[in-house]
>>> print(open('query_39.cif').read())   # mmCIF, C-alpha atoms (C1' of nucleotides)
data_start
#
loop_
_atom_site.label_atom_id
_atom_site.label_comp_id
_atom_site.auth_asym_id
_atom_site.auth_seq_id
_atom_site.Cartn_x
_atom_site.Cartn_y
_atom_site.Cartn_z
CA MET Z 1 106.72 -8.06 -39.36
CA GLY Z 2 104.39 -5.64 -37.65
CA THR Z 3 100.90 -5.03 -36.41
CA PRO Z 4 99.49 -1.51 -35.89
CA ASP Z 5 99.19 1.56 -38.12
CA LEU Z 6 102.80 2.52 -37.59
CA ALA Z 7 103.95 -0.75 -39.09
CA ALA Z 8 101.44 -0.51 -41.90
CA ALA Z 9 102.85 2.90 -42.83
CA CYS Z 10 106.36 1.45 -42.90
CA LEU Z 11 105.21 -1.44 -45.05
CA ARG Z 12 103.64 0.89 -47.58
CA LYS Z 13 106.78 3.00 -47.71
CA LEU Z 14 108.90 -0.10 -48.08
CA VAL Z 15 106.87 -1.23 -51.07
CA SER Z 16 106.58 2.17 -52.75
CA GLY Z 17 110.29 2.81 -52.19
CA SER Z 18 111.50 -0.49 -53.54
CA VAL Z 19 112.15 0.83 -57.01
CA SER Z 20 114.57 3.65 -57.75
CA ASN Z 21 115.52 4.89 -61.22
CA GLY Z 22 113.80 1.90 -62.74
CA GLN Z 23 115.92 -0.45 -60.66
CA SER Z 24 114.40 -2.84 -58.19
CA LEU Z 25 116.20 -2.41 -54.87
CA TRP Z 26 114.33 -5.05 -52.93
CA LYS Z 27 111.16 -7.05 -52.92
CA VAL Z 28 108.79 -7.70 -50.04
CA THR Z 29 108.16 -11.42 -50.21
CA GLY Z 30 106.00 -11.90 -47.17
CA VAL Z 31 104.31 -10.14 -44.29
CA ILE Z 32 103.79 -11.35 -40.74
CA SER Z 33 101.29 -9.82 -38.37
CA GLN Z 34 99.52 -10.75 -35.16
CA PRO Z 35 96.30 -12.76 -35.44
CA ASP Z 36 93.07 -10.85 -36.00
CA LYS Z 37 91.44 -9.74 -32.78
CA PRO Z 38 87.82 -9.03 -31.89
CA LYS Z 39 87.33 -5.30 -31.93
CA GLY Z 40 84.58 -2.74 -31.97
CA ARG Z 41 81.07 -2.72 -30.63
CA ASN Z 42 79.95 -6.16 -31.66
CA LEU Z 43 83.30 -7.77 -31.03
CA HIS Z 44 83.73 -8.70 -34.67
CA LEU Z 45 87.11 -10.01 -35.77
CA GLN Z 46 89.13 -7.21 -37.34
CA PRO Z 47 92.24 -7.54 -39.47
CA THR Z 48 95.31 -5.75 -38.10
CA PRO Z 49 96.32 -2.61 -40.02
CA VAL Z 50 99.35 -4.44 -41.37
CA LYS Z 51 97.25 -7.30 -42.66
CA ALA Z 52 94.87 -4.85 -44.30
CA ALA Z 53 97.80 -3.08 -45.97
CA ALA Z 54 99.33 -6.38 -47.07
CA LEU Z 55 96.12 -7.52 -48.71
CA GLU Z 56 95.75 -4.17 -50.42
CA LEU Z 57 99.28 -4.46 -51.77
CA GLY Z 58 98.72 -8.01 -52.90
CA LEU Z 59 101.18 -9.49 -50.40
CA GLU Z 60 100.84 -12.74 -48.57
CA CYS Z 61 100.18 -12.26 -44.85
CA PHE Z 62 101.02 -14.88 -42.25
CA GLN Z 63 99.48 -14.58 -38.77
CA PRO Z 64 100.93 -17.11 -36.38
CA LEU Z 65 99.84 -17.22 -32.77
CA LYS Z 66 103.51 -17.28 -31.72
CA ALA Z 67 106.37 -16.15 -33.92
CA LYS Z 68 108.71 -18.47 -32.07
CA ASP Z 69 106.80 -21.65 -32.89
CA PRO Z 70 108.57 -24.09 -35.20
CA GLU Z 71 105.90 -23.71 -37.90
CA SER Z 72 106.41 -19.96 -37.90
CA LEU Z 73 110.16 -20.29 -38.28
CA GLU Z 74 109.56 -22.80 -41.03
CA TRP Z 75 107.30 -20.40 -42.91
CA ILE Z 76 109.90 -17.67 -42.65
CA ARG Z 77 112.69 -19.96 -43.84
CA SER Z 78 110.57 -20.99 -46.80
CA LYS Z 79 110.57 -17.35 -47.91
CA ASN Z 80 114.35 -17.30 -47.76
CA PRO Z 81 114.55 -13.63 -46.69
CA ASP Z 82 117.71 -11.53 -46.92
CA LEU Z 83 116.34 -9.13 -44.35
CA ILE Z 84 113.40 -8.84 -42.01
CA VAL Z 85 112.04 -5.43 -41.08
CA VAL Z 86 110.20 -5.34 -37.77
CA ALA Z 87 107.98 -2.52 -36.57
CA ALA Z 88 105.77 -2.80 -33.51
CA TYR Z 89 105.07 -6.47 -34.04
CA GLY Z 90 104.10 -7.07 -30.44
CA GLN Z 91 106.04 -10.22 -29.62
CA ILE Z 92 109.58 -10.88 -28.46
CA LEU Z 93 111.52 -12.53 -31.27
CA PRO Z 94 113.89 -15.38 -30.34
CA GLN Z 95 117.50 -15.51 -31.53
CA SER Z 96 116.61 -18.48 -33.75
CA LEU Z 97 114.36 -16.18 -35.74
CA LEU Z 98 116.75 -13.24 -35.76
CA ASP Z 99 119.42 -15.50 -37.25
CA ILE Z 100 117.40 -16.49 -40.30
CA PRO Z 101 118.02 -13.56 -42.66
CA ARG Z 102 121.50 -12.96 -44.05
CA PHE Z 103 121.35 -9.26 -43.16
CA GLY Z 104 119.59 -9.81 -39.85
CA CYS Z 105 116.48 -8.11 -38.57
CA ILE Z 106 116.05 -4.35 -38.62
CA ASN Z 107 113.70 -2.74 -36.14
CA VAL Z 108 112.00 0.61 -36.56
CA HIS Z 109 111.60 2.08 -33.10
CA THR Z 110 109.84 5.37 -32.43
CA SER Z 111 112.23 6.96 -29.98
CA LEU Z 112 115.84 8.07 -29.82
CA LEU Z 113 117.35 4.95 -28.28
CA PRO Z 114 118.42 4.17 -25.64
CA LYS Z 115 115.62 6.41 -24.40
CA TYR Z 116 112.19 4.85 -24.22
CA ARG Z 117 112.90 1.25 -24.98
CA GLY Z 118 109.73 -0.80 -24.96
CA ALA Z 119 106.06 -0.69 -25.76
CA ALA Z 120 104.92 2.94 -25.65
CA PRO Z 121 107.81 5.25 -26.59
CA ILE Z 122 105.65 7.89 -28.26
CA GLN Z 123 103.33 8.32 -25.31
CA TRP Z 124 106.08 8.46 -22.72
CA ALA Z 125 108.07 11.05 -24.61
CA ILE Z 126 105.08 13.39 -24.47
CA TRP Z 127 104.17 12.39 -20.91
CA ASP Z 128 107.66 13.38 -19.77
CA ASN Z 129 107.39 16.71 -21.57
CA CYS Z 130 110.35 15.99 -23.87
CA CYS Z 131 110.94 18.63 -26.50
CA GLU Z 132 112.46 16.18 -28.94
CA THR Z 133 112.11 12.58 -30.00
CA GLY Z 134 112.61 10.60 -33.17
CA VAL Z 135 112.92 7.24 -34.85
CA THR Z 136 115.79 4.79 -34.58
CA LEU Z 137 116.69 1.94 -36.91
CA MET Z 138 118.56 -0.79 -35.12
CA LYS Z 139 119.88 -4.21 -35.82
CA MET Z 140 117.91 -6.41 -33.49
CA ASN Z 141 119.37 -8.69 -30.86
CA ALA Z 142 117.67 -10.82 -28.26
CA GLY Z 143 117.21 -7.96 -25.76
CA LEU Z 144 114.34 -5.52 -25.54
CA ASP Z 145 115.23 -2.75 -28.00
CA THR Z 146 118.92 -3.10 -27.20
CA GLY Z 147 120.28 -3.60 -30.71
CA ASP Z 148 123.03 -1.61 -32.41
CA ILE Z 149 121.95 1.60 -34.09
CA LEU Z 150 122.00 2.05 -37.87
CA ALA Z 151 120.41 5.44 -38.21
CA THR Z 152 118.24 7.93 -36.37
CA ARG Z 153 116.09 10.87 -37.30
CA CYS Z 154 114.79 13.52 -34.91
CA THR Z 155 111.67 15.58 -34.69
CA SER Z 156 110.67 18.16 -32.13
CA ILE Z 157 107.57 17.80 -30.00
CA THR Z 158 105.43 20.91 -29.94
CA CYS Z 159 102.79 21.77 -27.38
CA GLU Z 160 100.22 21.14 -30.10
CA ASP Z 161 101.32 17.53 -30.46
CA ASN Z 162 99.45 14.62 -29.01
CA ALA Z 163 100.19 10.92 -29.32
CA GLU Z 164 98.26 10.80 -32.57
CA THR Z 165 99.94 13.65 -34.41
CA LEU Z 166 103.36 12.58 -33.20
CA HIS Z 167 102.65 8.98 -34.14
CA ASP Z 168 101.70 9.96 -37.66
CA ARG Z 169 104.81 12.08 -38.08
CA LEU Z 170 107.11 9.38 -36.71
CA ALA Z 171 105.48 6.77 -38.93
CA GLU Z 172 106.23 8.96 -41.92
CA LEU Z 173 109.82 9.59 -40.77
CA GLY Z 174 110.36 5.93 -39.97
CA GLY Z 175 109.31 4.85 -43.42
CA GLU Z 176 111.50 7.45 -45.08
CA LEU Z 177 114.49 6.61 -42.95
CA LEU Z 178 114.06 2.96 -43.79
CA VAL Z 179 113.97 3.54 -47.53
CA GLU Z 180 116.99 5.85 -47.37
CA THR Z 181 119.07 3.65 -45.11
CA LEU Z 182 118.55 0.20 -46.56
CA PRO Z 183 120.59 0.68 -49.77
CA ASP Z 184 123.64 1.78 -47.79
CA TYR Z 185 123.10 -1.00 -45.31
CA PHE Z 186 122.99 -3.62 -48.04
CA ALA Z 187 126.11 -2.08 -49.60
CA GLY Z 188 127.94 -2.48 -46.29
CA LYS Z 189 128.41 1.26 -45.90
CA ILE Z 190 126.86 1.35 -42.47
CA THR Z 191 128.52 0.09 -39.32
CA PRO Z 192 125.96 -0.45 -36.60
CA ARG Z 193 127.08 1.29 -33.42
CA PRO Z 194 126.17 0.12 -29.94
CA GLN Z 195 123.66 2.12 -27.94
CA PRO Z 196 125.09 4.47 -25.31
CA GLU Z 197 125.06 3.01 -21.82
CA GLU Z 198 123.90 6.31 -20.43
CA GLY Z 199 120.35 7.54 -20.63
CA ILE Z 200 118.56 4.23 -20.82
CA LEU Z 201 114.83 4.64 -20.17
CA TYR Z 202 112.01 2.17 -20.42
CA ALA Z 203 108.56 3.00 -21.74
CA ARG Z 204 106.20 0.53 -20.17
CA LYS Z 205 102.81 -0.20 -21.64
CA ILE Z 206 100.15 2.44 -21.10
CA THR Z 207 97.06 1.19 -19.30
CA LYS Z 208 93.54 2.47 -19.09
CA GLU Z 209 94.08 3.64 -15.53
CA ASP Z 210 96.96 5.89 -16.60
CA GLY Z 211 94.29 8.07 -18.16
CA HIS Z 212 92.52 8.85 -14.88
CA LEU Z 213 93.47 12.43 -14.12
CA ASN Z 214 94.85 13.15 -10.68
CA TRP Z 215 93.98 16.77 -9.99
CA ASN Z 216 96.62 17.04 -7.28
CA LEU Z 217 99.25 17.17 -9.99
CA SER Z 218 100.22 20.42 -11.62
CA ALA Z 219 98.23 21.73 -14.57
CA ARG Z 220 101.36 21.50 -16.66
CA GLU Z 221 101.81 17.81 -15.92
CA LEU Z 222 98.16 17.09 -16.55
CA CYS Z 223 98.42 18.81 -19.90
CA CYS Z 224 101.29 16.56 -20.89
CA ARG Z 225 99.37 13.50 -19.85
CA ILE Z 226 96.32 14.53 -21.77
CA ARG Z 227 98.42 14.95 -24.89
CA ALA Z 228 100.25 11.68 -24.25
CA LEU Z 229 97.06 9.71 -23.79
CA THR Z 230 95.14 11.13 -26.75
CA PRO Z 231 93.62 9.37 -28.62
CA TRP Z 232 94.19 6.21 -26.60
CA PRO Z 233 93.35 5.41 -23.87
CA GLY Z 234 92.20 8.99 -23.39
CA ALA Z 235 92.48 11.19 -20.32
CA PHE Z 236 89.36 11.18 -18.22
CA CYS Z 237 87.77 12.13 -14.93
CA PHE Z 238 84.32 11.80 -13.40
CA ILE Z 239 81.46 14.19 -12.81
CA PRO Z 240 79.65 13.31 -9.62
CA GLU Z 241 75.91 13.15 -10.32
CA GLN Z 242 73.05 11.65 -8.41
CA GLU Z 243 73.17 7.87 -8.42
CA ARG Z 244 76.24 7.43 -10.58
CA LYS Z 245 79.39 9.08 -11.84
CA ILE Z 246 79.54 10.27 -15.41
CA MET Z 247 82.81 9.78 -17.22
CA LEU Z 248 84.23 12.81 -18.93
CA LYS Z 249 87.03 12.46 -21.43
CA ILE Z 250 89.37 15.39 -21.84
CA TRP Z 251 90.67 15.59 -25.39
CA GLN Z 252 92.44 18.88 -25.32
CA ALA Z 253 93.44 21.39 -22.68
CA GLU Z 254 95.93 24.09 -21.87
CA PHE Z 255 97.40 25.17 -18.58
CA LEU Z 256 97.45 28.55 -16.91
CA GLU Z 257 100.18 29.48 -14.45
CA LYS Z 258 97.69 30.86 -11.98
CA ALA Z 259 97.92 30.39 -8.25
CA THR Z 260 94.87 28.91 -6.60
CA SER Z 261 94.19 27.62 -3.15
CA THR Z 262 90.93 25.95 -4.14
CA ARG Z 263 90.68 22.22 -3.70
CA PRO Z 264 92.18 20.45 -6.73
CA GLY Z 265 89.48 19.21 -9.10
CA THR Z 266 87.11 22.09 -8.40
CA ILE Z 267 85.63 23.90 -11.40
CA LEU Z 268 86.60 27.54 -11.04
CA THR Z 269 85.02 29.01 -14.15
CA SER Z 270 82.22 27.73 -16.36
CA GLU Z 271 80.90 30.26 -18.86
CA THR Z 272 80.16 30.22 -22.62
CA ASP Z 273 83.57 29.01 -23.78
CA ARG Z 274 85.73 28.88 -20.67
CA LEU Z 275 85.93 25.87 -18.44
CA GLU Z 276 88.73 26.02 -15.88
CA VAL Z 277 89.65 23.52 -13.21
CA ALA Z 278 91.84 23.98 -10.16
CA CYS Z 279 94.87 21.69 -10.01
CA GLY Z 280 97.52 21.00 -7.40
CA ASN Z 281 99.47 23.77 -9.01
CA GLY Z 282 98.01 26.07 -11.63
CA VAL Z 283 94.74 25.90 -13.53
CA LEU Z 284 93.72 23.62 -16.37
CA ARG Z 285 91.57 25.13 -19.10
CA ILE Z 286 89.63 22.44 -20.93
CA LEU Z 287 89.23 23.05 -24.66
CA CYS Z 288 87.75 19.87 -26.05
CA LEU Z 289 85.90 17.17 -24.16
CA GLN Z 290 83.43 14.31 -24.37
CA ARG Z 291 80.79 13.07 -22.01
CA GLU Z 292 80.21 9.31 -22.03
CA GLY Z 293 77.68 8.32 -24.66
CA LYS Z 294 78.12 11.67 -26.40
CA LYS Z 295 80.31 12.90 -29.18
CA ARG Z 296 83.53 14.77 -28.71
CA MET Z 297 82.97 18.54 -28.78
CA ASP Z 298 84.59 21.86 -27.99
CA VAL Z 299 83.85 23.53 -24.65
CA ARG Z 300 81.55 26.09 -26.19
CA SER Z 301 79.22 23.45 -27.60
CA PHE Z 302 79.44 21.44 -24.44
CA LEU Z 303 78.48 24.32 -22.20
CA ALA Z 304 75.63 25.30 -24.54
CA GLY Z 305 73.72 22.22 -23.52
CA HIS Z 306 75.22 20.85 -20.33
CA THR Z 307 75.33 22.33 -16.89
CA LEU Z 308 78.65 22.01 -15.15
CA PRO Z 309 78.53 24.85 -12.64
CA ALA Z 310 81.53 26.38 -10.97
CA GLY Z 311 82.12 24.70 -7.65
CA THR Z 312 81.55 21.19 -8.99
CA ILE Z 313 84.34 18.91 -7.88
CA LEU Z 314 85.65 16.52 -10.51
CA GLU Z 315 87.08 13.20 -9.45
"C1'" C O 1 72.89 -12.13 -30.03
"C1'" G O 2 78.90 -8.89 -24.76
"C1'" C O 3 76.87 -4.18 -21.50
"C1'" G O 4 74.98 0.76 -21.85
"C1'" G O 5 73.77 6.07 -23.67
"C1'" G O 6 71.77 8.74 -27.81
"C1'" G O 7 69.44 10.76 -32.92
"C1'" U O 8 64.45 17.29 -31.67
"C1'" G O 9 65.97 24.63 -36.30
"C1'" G O 10 73.25 25.66 -38.11
"C1'" A O 11 75.85 23.71 -32.84
"C1'" G O 12 74.77 21.74 -27.92
"C1'" C O 13 70.54 20.33 -25.03
"C1'" A O 14 65.16 20.30 -22.54
"C1'" G O 15 60.40 18.46 -23.61
"C1'" U O 16 56.44 15.67 -17.11
"C1'" C O 17 50.78 11.65 -17.13
"C1'" G O 18 50.03 11.58 -25.29
"C1'" G O 19 46.90 17.54 -26.46
"C1'" U O 20 49.68 22.93 -32.12
"C1'" A O 21 57.62 22.16 -30.14
"C1'" G O 22 61.18 25.22 -25.96
"C1'" C O 23 66.36 26.81 -23.82
"C1'" U O 24 71.64 28.44 -24.40
"C1'" C O 25 74.72 29.67 -28.42
"C1'" G O 26 75.17 30.87 -33.55
"C1'" U O 27 73.04 33.38 -38.12
"C1'" C O 28 70.46 37.77 -40.24
"C1'" A O 29 68.33 42.84 -39.53
"C1'" G O 30 68.04 47.08 -36.44
"C1'" G O 31 69.58 49.83 -31.95
"C1'" C O 32 73.09 51.47 -28.01
"C1'" U O 33 78.40 52.64 -27.61
"C1'" C O 34 84.72 56.01 -28.75
"C1'" A O 35 84.58 50.73 -29.28
"C1'" U O 36 83.65 45.35 -28.73
"C1'" A O 37 83.70 38.56 -28.88
"C1'" A O 38 79.62 43.15 -24.37
"C1'" C O 39 74.39 44.89 -24.00
"C1'" C O 40 69.08 45.86 -25.95
"C1'" U O 41 65.09 44.86 -29.79
"C1'" G O 42 63.27 41.99 -33.68
"C1'" A O 43 63.44 38.07 -37.49
"C1'" A O 44 64.56 33.76 -40.17
"C1'" G O 45 65.32 28.73 -39.55
"C1'" G O 46 62.00 21.95 -37.52
"C1'" U O 47 58.62 16.00 -42.20
"C1'" C O 48 61.20 15.71 -33.87
"C1'" A O 49 66.50 9.69 -37.92
"C1'" G O 50 63.20 6.18 -41.03
"C1'" U O 51 59.00 2.65 -41.71
"C1'" G O 52 54.70 0.49 -39.86
"C1'" G O 53 51.16 0.14 -35.66
"C1'" U O 54 47.80 1.93 -31.36
"C1'" U O 55 44.75 6.59 -30.78
"C1'" C O 56 39.94 11.64 -31.83
"C1'" A O 57 45.13 13.18 -31.23
"C1'" A O 58 52.15 10.66 -31.16
"C1'" G O 59 58.57 14.13 -30.32
"C1'" U O 60 56.07 11.34 -26.34
"C1'" C O 61 53.24 4.59 -26.35
"C1'" C O 62 54.43 -0.38 -29.30
"C1'" A O 63 57.33 -3.10 -33.27
"C1'" C O 64 61.13 -3.16 -36.77
"C1'" U O 65 65.24 -0.68 -39.62
"C1'" C O 66 69.32 2.80 -40.24
"C1'" C O 67 73.06 5.90 -38.01
"C1'" C O 68 76.26 8.10 -33.81
"C1'" C O 69 78.78 7.43 -29.03
"C1'" G O 70 80.84 5.35 -24.06
"C1'" C O 71 82.36 0.64 -21.74
"C1'" A O 72 84.41 -3.99 -22.66
"C1'" A O 73 87.97 -6.55 -25.85
#
>>> encode(input="query_39.cif", output="structure tokens")
Amino acid sequence: MGTPDLAAACLRKLVSGSVSNGQSLWKVTGVISQPDKPKGRNLHLQPTPVKAAALELGLECFQPLKAKDPESLEWIRSKNPDLIVVAAYGQILPQSLLDIPRFGCINVHTSLLPKYRGAAPIQWAIWDNCCETGVTLMKMNAGLDTGDILATRCTSITCEDNAETLHDRLAELGGELLVETLPDYFAGKITPRPQPEEGILYARKITKEDGHLNWNLSARELCCRIRALTPWPGAFCFIPEQERKIMLKIWQAEFLEKATSTRPGTILTSETDRLEVACGNGVLRILCLQREGKKRMDVRSFLAGHTLPAGTILE
RNA sequence: CGCGGGGUGGAGCAGUCGGUAGCUCGUCAGGCUCAUAACCUGAAGGUCAGUGGUUCAAGUCCACUCCCCGCAA
């Protein structure tokens, strides 16, 4: 069960890793994903990444409105699963569902639990400037990411990482960990251990408004947020122009530990390939940006055709 | 038919009321300099997204098509 790209990656790994030394270790008998949602410019219905992957792999995909509805449970029972693997499905699963498979439900979660339980663990790890995160496999219970841990795998977060690069890496790791762990789990060699009671953190959903840069913060913090919010929902601010504000997305930036007493949000430097903005503490150098209606581009290209003079105050 | 912006030399943009296409950067050649991503001189490079229409004349006006992007979801 899953919905976005992360889950699709796990599904692919699960299928490609199901055979070892000519022996079939397991078989994916069904896939469950959220219903298709209208997406894109003309609001056409788009299949979820997991559905797309399932169809590609020739697997049956079930898309109930609610996983807890009796018909959904019935469908699952009809498949008679030994195990259900859940990755970013997007709905809370009731105990009655968790109880169906003999080996329970295993969740792939992209953080080192109990840190960052919840909806947006990848983004919050970067937002908080963590230097390390990872994936956790846990045996699900009725709580929100509170199940007992089967296995974990770490990865460090570099200053080059954004939510996209980290997501892709964790998706890869998650799939691998799953394929490596399942045989031992089935063989009873793994004893799930409870999550530590210390260090519990919740990663609430990211909203659009989280992307609005507050220049009073330090350049270092803003940098983290930009990385955490790229590619979605994107970090942005506004250029004041006559009549209306123009939205400016910041895709990539770095911070300079430079003291400045200028009002936060003021553009300090704007020449050929340097665009620097005063922050509450330090200076943010923008490297890659996008004006609304335009394509994403590096500062050099941007400044070749747009005027954004020093002294302009961004909002 | 959800709302809106846009397609102009390699990149990013300007182009007014229709009248032989400009700017910044890059590229190439030459010069200056101990030296340079700096500076000076020169050059190359455009079917103005496509199709049709209006006109003496269309990047510009009209119609349709294709493509890119922001919002929304």
>>> atom_distance(input="query_39.cif", atom1="CA of Cys105 in chain Z", atom2="CA of Val86 in chain Z")
6.9 Å
>>> residues_around(input="query_39.cif", residues="G22 in chain O", least_positions_apart="2", cutoff="12 Å", atoms="all atoms listed in the file", output="ChimeraX atom specification")
/O:8-9,13-15,24
>>> interface_residues(input="query_39.cif", of="chain O", to="chain Z", cutoff="7 Å", atoms="only C-alpha atoms (C1' of nucleotides)", output="number ranges by chain")
O: 5-6, 11-13, 24-25, 69-70, 73
>>> residues_around(input="query_39.cif", residues="range 68-82 of chain Z", least_positions_apart="5", cutoff="8 Å", atoms="all atoms listed in the file", output="list in words")
Thr29, Gly30, Leu93, Pro94, Leu97, Ile100, Pro101, Arg102, Phe103 and Gly104 of chain Z
>>> residues_near_point(input="query_39.cif", point="(119.1, 2.8, -20.4)", cutoff="10 Å", atoms="only C-alpha atoms (C1' of nucleotides)", output="PyMOL selection string")
chain Z and resi 113-117+146+195-202
>>> atom_distance(input="query_39.cif", atom1="CA of Ala53 in chain Z", atom2="CA of Ala8 in chain Z")
6.0 Å
>>> closest_residue(input="query_39.cif", among="O:C34, O:A21, O:A72, O:C1", to="C48 in chain O", atoms="only C-alpha atoms (C1' of nucleotides)")
O:A21
>>> atom_distance(input="query_39.cif", atom1="CA of Ala125 in chain Z", atom2="CA of Asp168 in chain Z")
14.6 Å
>>> resolve_selection(input="query_39.cif", expression="the PyMOL selection byres ((chain O and resi 28) around 12)", output="JSON, numbers by chain")
{"O": [26, 27, 29, 30, 42, 43, 44, 45]}
>>> residues_around(input="query_39.cif", residues="Thr133 in chain Z", least_positions_apart="6", cutoff="12 Å", atoms="all atoms listed in the file", output="list in words")
His109, Thr110, Ser111, Leu112, Leu113, Pro114, Lys115, Tyr116, Pro121, Ile122, Gln123, Trp124, Ala125, Ile126, Thr152, Arg153, Cys154, Thr155, Ser156, Ile157, Thr158, Asp161, Leu166, His167, Arg169, Leu170 and Leu173 of chain Z
>>> resolve_selection(input="query_39.cif", expression="the PyMOL selection byres ((chain Z and resi 315) around 7)", output="list in words")
Cys237, Phe238, Ile239, Gly265, Ile313 and Leu314 of chain Z
>>> closest_residue(input="query_39.cif", among="Z:Glu254, Z:Leu137, Z:Tyr89, Z:Ala119", to="Gly175 in chain Z", atoms="all atoms listed in the file")
Z:Leu137
>>> resolve_selection(input="query_39.cif", expression="the PyMOL selection byres ((chain Z and resi 225) around 8)", output="list of chain:residue names")
Z:Ile126, Z:Trp127, Z:Gly211, Z:Glu221, Z:Leu222, Z:Cys223, Z:Cys224, Z:Ile226, Z:Arg227, Z:Ala228, Z:Leu229, Z:Ala235
>>> write_last_selection(input="query_39.cif", atoms="C-alpha atoms", output="mmCIF file, in the coordinates of the input")
data_model
loop_
_atom_site.group_PDB
_atom_site.id
_atom_site.type_symbol
_atom_site.label_atom_id
_atom_site.label_comp_id
_atom_site.auth_asym_id
_atom_site.auth_seq_id
_atom_site.Cartn_x
_atom_site.Cartn_y
_atom_site.Cartn_z
ATOM 1 C CA ILE Z 126 105.080 13.390 -24.470
ATOM 2 C CA TRP Z 127 104.170 12.390 -20.910
ATOM 3 C CA GLY Z 211 94.290 8.070 -18.160
ATOM 4 C CA GLU Z 221 101.810 17.810 -15.920
ATOM 5 C CA LEU Z 222 98.160 17.090 -16.550
ATOM 6 C CA CYS Z 223 98.420 18.810 -19.900
ATOM 7 C CA CYS Z 224 101.290 16.560 -20.890
ATOM 8 C CA ILE Z 226 96.320 14.530 -21.770
ATOM 9 C CA ARG Z 227 98.420 14.950 -24.890
ATOM 10 C CA ALA Z 228 100.250 11.680 -24.250
ATOM 11 C CA LEU Z 229 97.060 9.710 -23.790
ATOM 12 C CA ALA Z 235 92.480 11.190 -20.320
#
>>> residues_around(input="query_39.cif", residues="C67 in chain O", least_positions_apart="4", cutoff="12 Å", atoms="all atoms listed in the file", output="MDAnalysis selection string")
chainID O and resid 6:7 49:50
>>> write_last_selection(input="query_39.cif", atoms="C-alpha atoms (C1' of nucleotides)", output="short mmCIF file (atom, residue, chain, number, x, y, z; two decimals), in the coordinates of the input")
data_model
loop_
_atom_site.label_atom_id
_atom_site.label_comp_id
_atom_site.auth_asym_id
_atom_site.auth_seq_id
_atom_site.Cartn_x
_atom_site.Cartn_y
_atom_site.Cartn_z
"C1'" G O 6 71.77 8.74 -27.81
"C1'" G O 7 69.44 10.76 -32.92
"C1'" A O 49 66.50 9.69 -37.92
"C1'" G O 50 63.20 6.18 -41.03
#
>>> residues_around(input="query_39.cif", residues="Lys208 in chain Z", least_positions_apart="2", cutoff="10 Å", atoms="only C-alpha atoms (C1' of nucleotides)", output="ChimeraX atom specification")
/Z:205-206,210-212,229,232-236
>>> build_atoms(input="query_39.cif", residues="range 125-133 of chain Z", atoms="N, CA, C and O atoms", output="PDB file, keeping the file's coordinate frame")
ATOM      1  N   ALA Z 125     107.293   9.855 -24.260  1.00  0.00           N
ATOM      2  CA  ALA Z 125     108.070  11.050 -24.610  1.00  0.00           C
ATOM      3  C   ALA Z 125     107.227  12.298 -24.367  1.00  0.00           C
ATOM      4  O   ALA Z 125     107.722  13.310 -23.874  1.00  0.00           O
ATOM      5  N   ILE Z 126     105.954  12.233 -24.691  1.00  0.00           N
ATOM      6  CA  ILE Z 126     105.080  13.390 -24.470  1.00  0.00           C
ATOM      7  C   ILE Z 126     104.767  13.526 -22.979  1.00  0.00           C
ATOM      8  O   ILE Z 126     104.796  14.616 -22.413  1.00  0.00           O
ATOM      9  N   TRP Z 127     104.491  12.420 -22.350  1.00  0.00           N
ATOM     10  CA  TRP Z 127     104.170  12.390 -20.910  1.00  0.00           C
ATOM     11  C   TRP Z 127     105.281  13.085 -20.125  1.00  0.00           C
ATOM     12  O   TRP Z 127     105.023  13.858 -19.208  1.00  0.00           O
ATOM     13  N   ASP Z 128     106.520  12.808 -20.490  1.00  0.00           N
ATOM     14  CA  ASP Z 128     107.660  13.380 -19.770  1.00  0.00           C
ATOM     15  C   ASP Z 128     108.008  14.791 -20.223  1.00  0.00           C
ATOM     16  O   ASP Z 128     109.022  15.346 -19.813  1.00  0.00           O
ATOM     17  N   ASN Z 129     107.177  15.344 -21.106  1.00  0.00           N
ATOM     18  CA  ASN Z 129     107.390  16.710 -21.570  1.00  0.00           C
ATOM     19  C   ASN Z 129     108.717  16.890 -22.317  1.00  0.00           C
ATOM     20  O   ASN Z 129     109.377  17.923 -22.190  1.00  0.00           O
ATOM     21  N   CYS Z 130     109.144  15.873 -23.047  1.00  0.00           N
ATOM     22  CA  CYS Z 130     110.350  15.990 -23.870  1.00  0.00           C
ATOM     23  C   CYS Z 130     110.102  17.002 -24.978  1.00  0.00           C
ATOM     24  O   CYS Z 130     108.979  17.141 -25.443  1.00  0.00           O
ATOM     25  N   CYS Z 131     111.150  17.697 -25.393  1.00  0.00           N
ATOM     26  CA  CYS Z 131     110.940  18.630 -26.500  1.00  0.00           C
ATOM     27  C   CYS Z 131     111.398  18.002 -27.812  1.00  0.00           C
ATOM     28  O   CYS Z 131     111.218  18.563 -28.880  1.00  0.00           O
ATOM     29  N   GLU Z 132     111.995  16.825 -27.723  1.00  0.00           N
ATOM     30  CA  GLU Z 132     112.460  16.180 -28.940  1.00  0.00           C
ATOM     31  C   GLU Z 132     112.369  14.663 -28.828  1.00  0.00           C
ATOM     32  O   GLU Z 132     112.529  14.100 -27.760  1.00  0.00           O
ATOM     33  N   THR Z 133     112.051  14.033 -29.945  1.00  0.00           N
ATOM     34  CA  THR Z 133     112.110  12.580 -30.000  1.00  0.00           C
ATOM     35  C   THR Z 133     112.472  12.205 -31.432  1.00  0.00           C
ATOM     36  O   THR Z 133     112.967  13.045 -32.170  1.00  0.00           O
TER      37      THR Z 133
END
